[in-house]
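Note sheet for the following structure.
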Amino acid sequence: MNNAFDPVIQNPALVRFIQDQVRSPQSFQSAINNQDEMYLFALENQQFPERAAVRYYFNGCRILDGVRSIVNWHFQGFERVSRFLDFASGYGRFTRFLIQELPPQKVWVSDILASAVTFQVTNFQVNGVISESIPADYPPQAPFDCILACSFFSHMPEKTFIDWMRVLYGLIAPGGLLLFSVHDRALLPEHLRIQASALLFVPASESRSLDVQDYGTTYVGETFVGQVLQMISQGQASYYRIPQGICRYQDLYIVSPSPLADPSTLNFGHHPQGRLEHCQLTAEGVLHLKGYISEINPNSQIEQIGVLVNGNLVHQSPPVLVPQGSGSSWLWSCEFAAPELVLQDILLVKAINSRGLEWVFDTAPLGFLQGISLA
């Protein structure tokens, strides 16, 4: 029984997205499992399946950009990583991008869903480890140079939060790293805000397959995380926290059994984020684009709006920006002559910040984008 589909097949817009955003488009593994909850979550929040696929892929790409910057800082490149564990990997939203950087034989994926592990082993040719609900029962493994637990501790009750932290910390090779994400307490509304030394577990999540008592939604303060790390490492662990380091939402922690390098030398950047709200080609052949954009990196701004047509860059220029509120968000607009455009042409519209990081607003036929603008 085939439980996967490939949204890129016979979809020119998604083909253009992969060509623009992926390091090696020809070898990119684009198949998605029907039970992939990260894709299903995107599908619930997007009007169209094509847009859900773009957000699914792009979030995997954004996570890789962050991990790459940390690997370059600590290891001086993926070439020095021999064993990488993607823990709680799901069906491979991130892994499909990781194997563009590392040979599959150097990558291990682990998840409590056996079907998720099987899917990745079969499609990506990586190594697989089926996880357990009880941390102490996790199968013994050789140490890993780098471990990523993305959006895992953000769902754990306090006891399993601590126990799994102990297990994963124990799997770090000498000189290696553990990277994990959490929901920081700052995400809570003011009336529910917890102390920095506390954990709040809510028995609710987007998962359709896991018991909410075991896998809910967890919020923590940095003091709590630091205390857990000191406890499970007998005071040896060093860590650095990147607020909103995962897709500008979850905080990302970098942990090592040894002292970390100076964090000021870490070239970590956040992608801009926004939306395309208006796309219109006038009778005179001028394309008008408008939308919203935010940029939270210090000493960085939105440098360019780029427009590709059928895979070719046809326009790139600084946008007109109108500040909105806090100083980190703007209304943006740009226009340029495009008399040869037709409704069937595939547009990819993106913003580029001072760090060279991009946000893809949309990729779709011109006629579709104009129709959405008029809706």
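Scheme for the structure tokens: letters A, B, ... for chains in order shown; per-chain residue numbers from 1; ligand numbers from 1 in order shown.
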Requested in this report: Mind checking which residues fall within 10 Å of range 165-173 of chain A, counting only C-alpha atoms, ignoring those fewer than 3 positions away in the same chain, and posting them as a PyMOL selection string?
Outcome: chain A and resi 83+85+87+135-138+140-149+153+159-162+176-180+225+228-229+231-233+237+255-257
Please produce, as JSON lines, a per-residue contact table for range 7-84 of chain A versus range 104-111 of chain A (criterion: any atom at most 12 Å away, only C-alpha atoms considered), showing the nearest atom pair and its distance in Å to one decimal, sorted by chain then residue number.
```
{"residue": "A:Gln29", "atom": "CA", "partner": "A:Pro104", "partner_atom": "CA", "distance": 11.8}
{"residue": "A:Phe78", "atom": "CA", "partner": "A:Lys106", "partner_atom": "CA", "distance": 10.4}
{"residue": "A:Glu79", "atom": "CA", "partner": "A:Lys106", "partner_atom": "CA", "distance": 10.5}
{"residue": "A:Arg80", "atom": "CA", "partner": "A:Lys106", "partner_atom": "CA", "distance": 10.9}
{"residue": "A:Val81", "atom": "CA", "partner": "A:Lys106", "partner_atom": "CA", "distance": 8.0}
{"residue": "A:Ser82", "atom": "CA", "partner": "A:Lys106", "partner_atom": "CA", "distance": 5.6}
{"residue": "A:Arg83", "atom": "CA", "partner": "A:Lys106", "partner_atom": "CA", "distance": 5.0}
{"residue": "A:Phe84", "atom": "CA", "partner": "A:Val107", "partner_atom": "CA", "distance": 4.9}
```
I need the chosen residues saved as a CSV table (one decimal), in the first residue's frame, with C-alpha atoms.
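out-v7.csv, freshly written:
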```
chain,number,residue,atom,x,y,z
A,29,GLN,CA,13.4,13.8,-2.1
A,78,PHE,CA,29.2,19.3,7.8
A,79,GLU,CA,32.3,17.6,6.5
A,80,ARG,CA,33.4,17.1,10.2
A,81,VAL,CA,30.1,15.5,11.2
A,82,SER,CA,30.2,11.7,11.0
A,83,ARG,CA,27.0,10.8,12.8
A,84,PHE,CA,23.9,13.1,13.0
```
Requested in this report: Rank A:Arg185, A:His191, A:Arg51, A:His155 by their smallest atom-to-atom distance to Asp251 in chain A, using only C-alpha atoms, and report the top residue only.
Outcome: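 For Asp251 in chain A, the nearest of the candidates is A:Arg185.
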**Report entry** Spatial neighbours of range 315-322 of chain A, 6 Å, only C-alpha atoms, chain gap at least 5 places, as a PyMOL selection string
**Finding:** chain A and resi 303-307+330-334
Preceding selection exported with C-alpha atoms as a compact mmCIF listing (two decimals), in the first residue's frame:
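Saved result, selection_21.txt, follows:
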```
# COMPACT_ATOMS: atom_id res chain seq x y z
CA GLU A 303 17.27 44.55 0.98
CA GLN A 304 15.47 43.21 -2.07
CA ILE A 305 12.26 41.87 -3.50
CA GLY A 306 13.03 39.26 -6.13
CA VAL A 307 10.63 38.01 -8.81
CA TRP A 330 6.50 47.08 7.12
CA LEU A 331 4.07 47.23 4.27
CA TRP A 332 6.09 46.68 1.12
CA SER A 333 5.48 47.33 -2.55
CA CYS A 334 7.29 47.19 -5.85
```
Query raised in the report: Contacts of Pro323 in chain A at 10 Å or less, counting only C-alpha atoms, minus same-chain residues fewer than 3 places along, as a ChimeraX atom specification?
Result: /A:292-294,326-332
Residues of range 12-110 of chain A within 12 Å of range 259-265 of chain A: nearest atom pair and distance (Å, one decimal) for each, counting only C-alpha atoms, sorted by chain and number, as JSON lines?
```
{"residue": "A:Ser69", "atom": "CA", "partner": "A:Thr265", "partner_atom": "CA", "distance": 10.6}
{"residue": "A:Ile70", "atom": "CA", "partner": "A:Pro263", "partner_atom": "CA", "distance": 10.0}
{"residue": "A:Asn72", "atom": "CA", "partner": "A:Thr265", "partner_atom": "CA", "distance": 10.7}
{"residue": "A:Trp73", "atom": "CA", "partner": "A:Thr265", "partner_atom": "CA", "distance": 7.4}
{"residue": "A:His74", "atom": "CA", "partner": "A:Ala261", "partner_atom": "CA", "distance": 7.3}
{"residue": "A:Phe75", "atom": "CA", "partner": "A:Ala261", "partner_atom": "CA", "distance": 10.6}
{"residue": "A:Gln76", "atom": "CA", "partner": "A:Ala261", "partner_atom": "CA", "distance": 11.9}
```
Query raised in the report: Which is closest to Phe28 in chain A among A:Glu335, A:Asp65, A:Glu50, A:Glu101, if we use only C-alpha atoms?
Result: A:Glu101
Query raised in the report: Smallest atom-to-atom distance to Tyr249 in chain A: which of A:Ser133, A:Leu102, A:Ile63, A:Thr282, using only C-alpha atoms?
Result: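 With only C-alpha atoms as the atom set, the closest residue is A:Ile63.
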Requested in this report: In Å, rounded to a single decimal, give me how far CA of Pro103 in chain A is from CA of Gly356 in chain A.
Outcome: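 Taking CA of Gly356 in chain A as the start and CA of Pro103 in chain A as the end point, the length is 25.8 Å.
When CA of Ala198 in chain A is paired with CA of Tyr240 in chain A, their separation reads 18.6 Å.
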